[in-house]
Amino acid sequence: MAAVAEQIVPVTLGERSYDIALYPGLLAEIGDRLSALGTASKVGIVTDRHVASRYLQAVLRSLRKAGYDPTPIILPPGERTKTLGTVARILDRLAQQKFERRSLLLALGGGVVGDITGFAAAIYQRGIPFVQVPTTLVAQVDSSVGGKTGVDHRLGKNLIGAFHQPRAVWIDPLTLRTLPRREWIAGLAEVIKYGIIADEEFFAFLEKEIPALLKLEEAPVMHAIKRSCEIKARVVAGDERESDRRRILNYGHTIGHALESLADYRGLIHGEAVGIGLVQEAELAYHMGLCRREVVERIRSVVQRAKLSEQVPRTSFASLWGAMQHDKKVLAGQVVGVWPVKIGEVVMRPIERQVCAAWFQNTQSRGIRPSNRRLSGKQAARRKASARR
Ligand SMILES: NC(=O)c1ccc[n+]([C@@H]2O[C@H](COP(=O)([O-])OP(=O)(O)OC[C@H]3O[C@@H](n4cnc5c(N)ncnc54)[C@H](O)[C@@H]3O)[C@@H](O)[C@H]2O)c1
Ligand SMILES: [Zn+2]
């Protein structure tokens, strides 16, 4: 990949503006890039064990070469680490090492590491700078951009958090080569989402290049990351605090989040649930009379070719509708979804229970009920208990 030129995507947010830099081999230059950024006295690298085993040494070497004495903080991998307890442990380390306002945190890892590190940076001494160095596709095209940071609570995902923009996002696409295939494919769901919500040309590119993306070919991978970041940056710049327009980024997530919570965050990883949501929310839009059949079929075809599932795991309508009520997009008791009117354009509208029920009936009668993704009795019981809360 080394022949590819560096790409820069600016995120324009007034005095909180920053650049996303995308460059194969960037990890080896982190020390110089940090010196150029100027501010840091002490540097902490927050990462997880999987990422540390592959990339921490290279980053430490680069930082030491540039004169830093970095403190690594290595977390257990996975969503279960995204808790206030982990944040407390990070804050302990920062305080012990006498980190101060000009110290900086580097988040080296996926969305879990990025969300935790950003939140720790947001609250330590009322806010210290941090830089995102995302190493999963989800993190490179989504979670590292936009300043949403936070952790999960026992009663809900991402329930605790803060807006805190990074000073920079440094993406080394070479890190994707070690990503488990399942994580790579799940990330493609978010990439496809950007085409649907904002850019028909990009969607057409994906229709053509999905096979190359599945093979991790360098030029289409660079383009997919860059275009996704541009779209996210544009939406975020228009609406930093998610009052309205930023909600279009939730396309695929009304059903996606509901399926994730029904599976108790075990059966499906986030992007897999979103992949199902991309197709099924297009089906719903068709049911609501908002788009033509062709729109649904184009989305279905890309999702299938990306090797993502489009099938709603077997469940009852009452549980699915109940889980959709828990989504953040519920306003005054209405589930407000994001619906494609054509590829590249979406609208936000509430959805009626009866319309959703008719769609659900249809998915079930068409035989979309794979038994391998069925919720276990324990998961269903837990789901019922949380619906009662
Ligand atoms: N803040 C936001 O705007 C935002 C947006 C989307 C998602 N998120 C959050 O992001 C999280 C999901 O992020 P994720 O999908 O990156 O998951 P993750 O951070 O759990 O990473 C997935 C797995 O891949 C491993 N990994 C990471 N990089 C690797 C690499 N280069 N090679 C090999 N293994 C690697 C990790 O150790 C982990 O096991 C969720 O907590 C979600 O809530 C936040
Ligand atoms: Zn998502």
# chains A, B, ... in the order shown; residues from 1 in each chain; ligands from 1
call {"tool": "residues_around", "arguments": {"residues": "Arg177 of chain A", "least_positions_apart": "3", "cutoff": "8 Å", "atoms": "only C-alpha atoms", "output": "number ranges by chain"}}
result
A: 173-174, 216
call {"tool": "write_last_selection", "arguments": {"atoms": "C-alpha atoms", "output": "short mmCIF file (atom, residue, chain, number, x, y, z; two decimals), in the first residue's frame"}}
result
data_model
loop_
_atom_site.label_atom_id
_atom_site.label_comp_id
_atom_site.auth_asym_id
_atom_site.auth_seq_id
_atom_site.Cartn_x
_atom_site.Cartn_y
_atom_site.Cartn_z
CA PRO A 173 -5.41 1.12 6.85
CA LEU A 174 -2.65 -1.51 7.04
CA LEU A 216 -9.01 -5.87 1.08
#
call {"tool": "residues_around", "arguments": {"residues": "Tyr55 of chain A", "least_positions_apart": "4", "cutoff": "9 Å", "atoms": "only C-alpha atoms", "output": "list of chain:residue names"}}
result
A:Leu27, A:His50, A:Val51, A:Val59, A:Leu60, A:Leu108, A:Thr175
call {"tool": "select_by_dssp", "arguments": {"residues": "segment 4-185 of chain A", "states": "strand (DSSP E)", "output": "number ranges by chain"}}
result
A: 7-11, 18-22, 43-48, 71-75, 104-109, 130-134, 148-153, 156-163, 168-171
call {"tool": "closest_residue", "arguments": {"among": "A:Arg305, A:Lys65, A:His326, A:Lys193", "to": "ligand 2", "atoms": "only C-alpha atoms and all ligand atoms"}}
result
A:Lys193
call {"tool": "closest_atom_pairs", "arguments": {"of": "chain A", "to": "ligand 1", "cutoff": "8 Å", "atoms": "only C-alpha atoms and all ligand atoms", "output": "Markdown table"}}
result
| residue | atom | partner | partner_atom_place_in_ligand_line | distance |
| --- | --- | --- | --- | --- |
| A:Asp48 | CA | ligand 1 | 37 (O) | 5.7 |
| A:Arg49 | CA | ligand 1 | 37 (O) | 6.5 |
| A:His50 | CA | ligand 1 | 37 (O) | 4.4 |
| A:Val51 | CA | ligand 1 | 29 (C) | 5.3 |
| A:Arg54 | CA | ligand 1 | 32 (N) | 7.3 |
| A:Pro77 | CA | ligand 1 | 37 (O) | 4.7 |
| A:Gly78 | CA | ligand 1 | 20 (O) | 4.3 |
| A:Glu79 | CA | ligand 1 | 20 (O) | 5.4 |
| A:Lys82 | CA | ligand 1 | 41 (O) | 6.9 |
| A:Gly109 | CA | ligand 1 | 28 (N) | 5.0 |
| A:Gly110 | CA | ligand 1 | 19 (O) | 3.2 |
| A:Gly111 | CA | ligand 1 | 13 (O) | 3.2 |
| A:Val112 | CA | ligand 1 | 19 (O) | 3.8 |
| A:Val113 | CA | ligand 1 | 19 (O) | 5.6 |
| A:Gly114 | CA | ligand 1 | 1 (N) | 7.3 |
| A:Asp115 | CA | ligand 1 | 1 (N) | 5.5 |
| A:Pro134 | CA | ligand 1 | 28 (N) | 7.4 |
| A:Thr135 | CA | ligand 1 | 28 (N) | 4.3 |
| A:Thr136 | CA | ligand 1 | 28 (N) | 4.5 |
| A:Leu137 | CA | ligand 1 | 16 (O) | 6.7 |
| A:Val138 | CA | ligand 1 | 16 (O) | 5.0 |
| A:Ala139 | CA | ligand 1 | 16 (O) | 4.8 |
| A:Asp142 | CA | ligand 1 | 5 (C) | 5.1 |
| A:Ser143 | CA | ligand 1 | 4 (C) | 3.5 |
| A:Ser144 | CA | ligand 1 | 1 (N) | 6.3 |
| A:Val145 | CA | ligand 1 | 3 (O) | 6.6 |
| A:Gly146 | CA | ligand 1 | 3 (O) | 6.2 |
| A:Gly147 | CA | ligand 1 | 1 (N) | 6.6 |
| A:Lys148 | CA | ligand 1 | 1 (N) | 4.3 |
| A:Thr149 | CA | ligand 1 | 1 (N) | 5.1 |
| A:Gly150 | CA | ligand 1 | 1 (N) | 7.2 |
| A:Val151 | CA | ligand 1 | 41 (O) | 7.6 |
| A:Asp152 | CA | ligand 1 | 41 (O) | 7.9 |
| A:Lys157 | CA | ligand 1 | 43 (O) | 7.1 |
| A:Asn158 | CA | ligand 1 | 43 (O) | 6.3 |
| A:Thr175 | CA | ligand 1 | 31 (N) | 4.4 |
| A:Leu176 | CA | ligand 1 | 31 (N) | 4.9 |
| A:Arg177 | CA | ligand 1 | 31 (N) | 6.8 |
| A:Thr178 | CA | ligand 1 | 32 (N) | 4.1 |
| A:Leu179 | CA | ligand 1 | 32 (N) | 3.7 |
| A:Pro180 | CA | ligand 1 | 33 (C) | 6.0 |
| A:Glu183 | CA | ligand 1 | 22 (C) | 6.3 |
| A:Ala186 | CA | ligand 1 | 15 (O) | 7.7 |
| A:Gly187 | CA | ligand 1 | 15 (O) | 7.0 |
| A:Ile269 | CA | ligand 1 | 15 (O) | 7.7 |
| A:His270 | CA | ligand 1 | 15 (O) | 6.9 |
| A:Gly271 | CA | ligand 1 | 15 (O) | 7.3 |
call {"tool": "atom_distance", "arguments": {"atom1": "atom CA of Ala237 of chain A", "atom2": "atom CA of Val11 of chain A"}}
result
6.5 Å
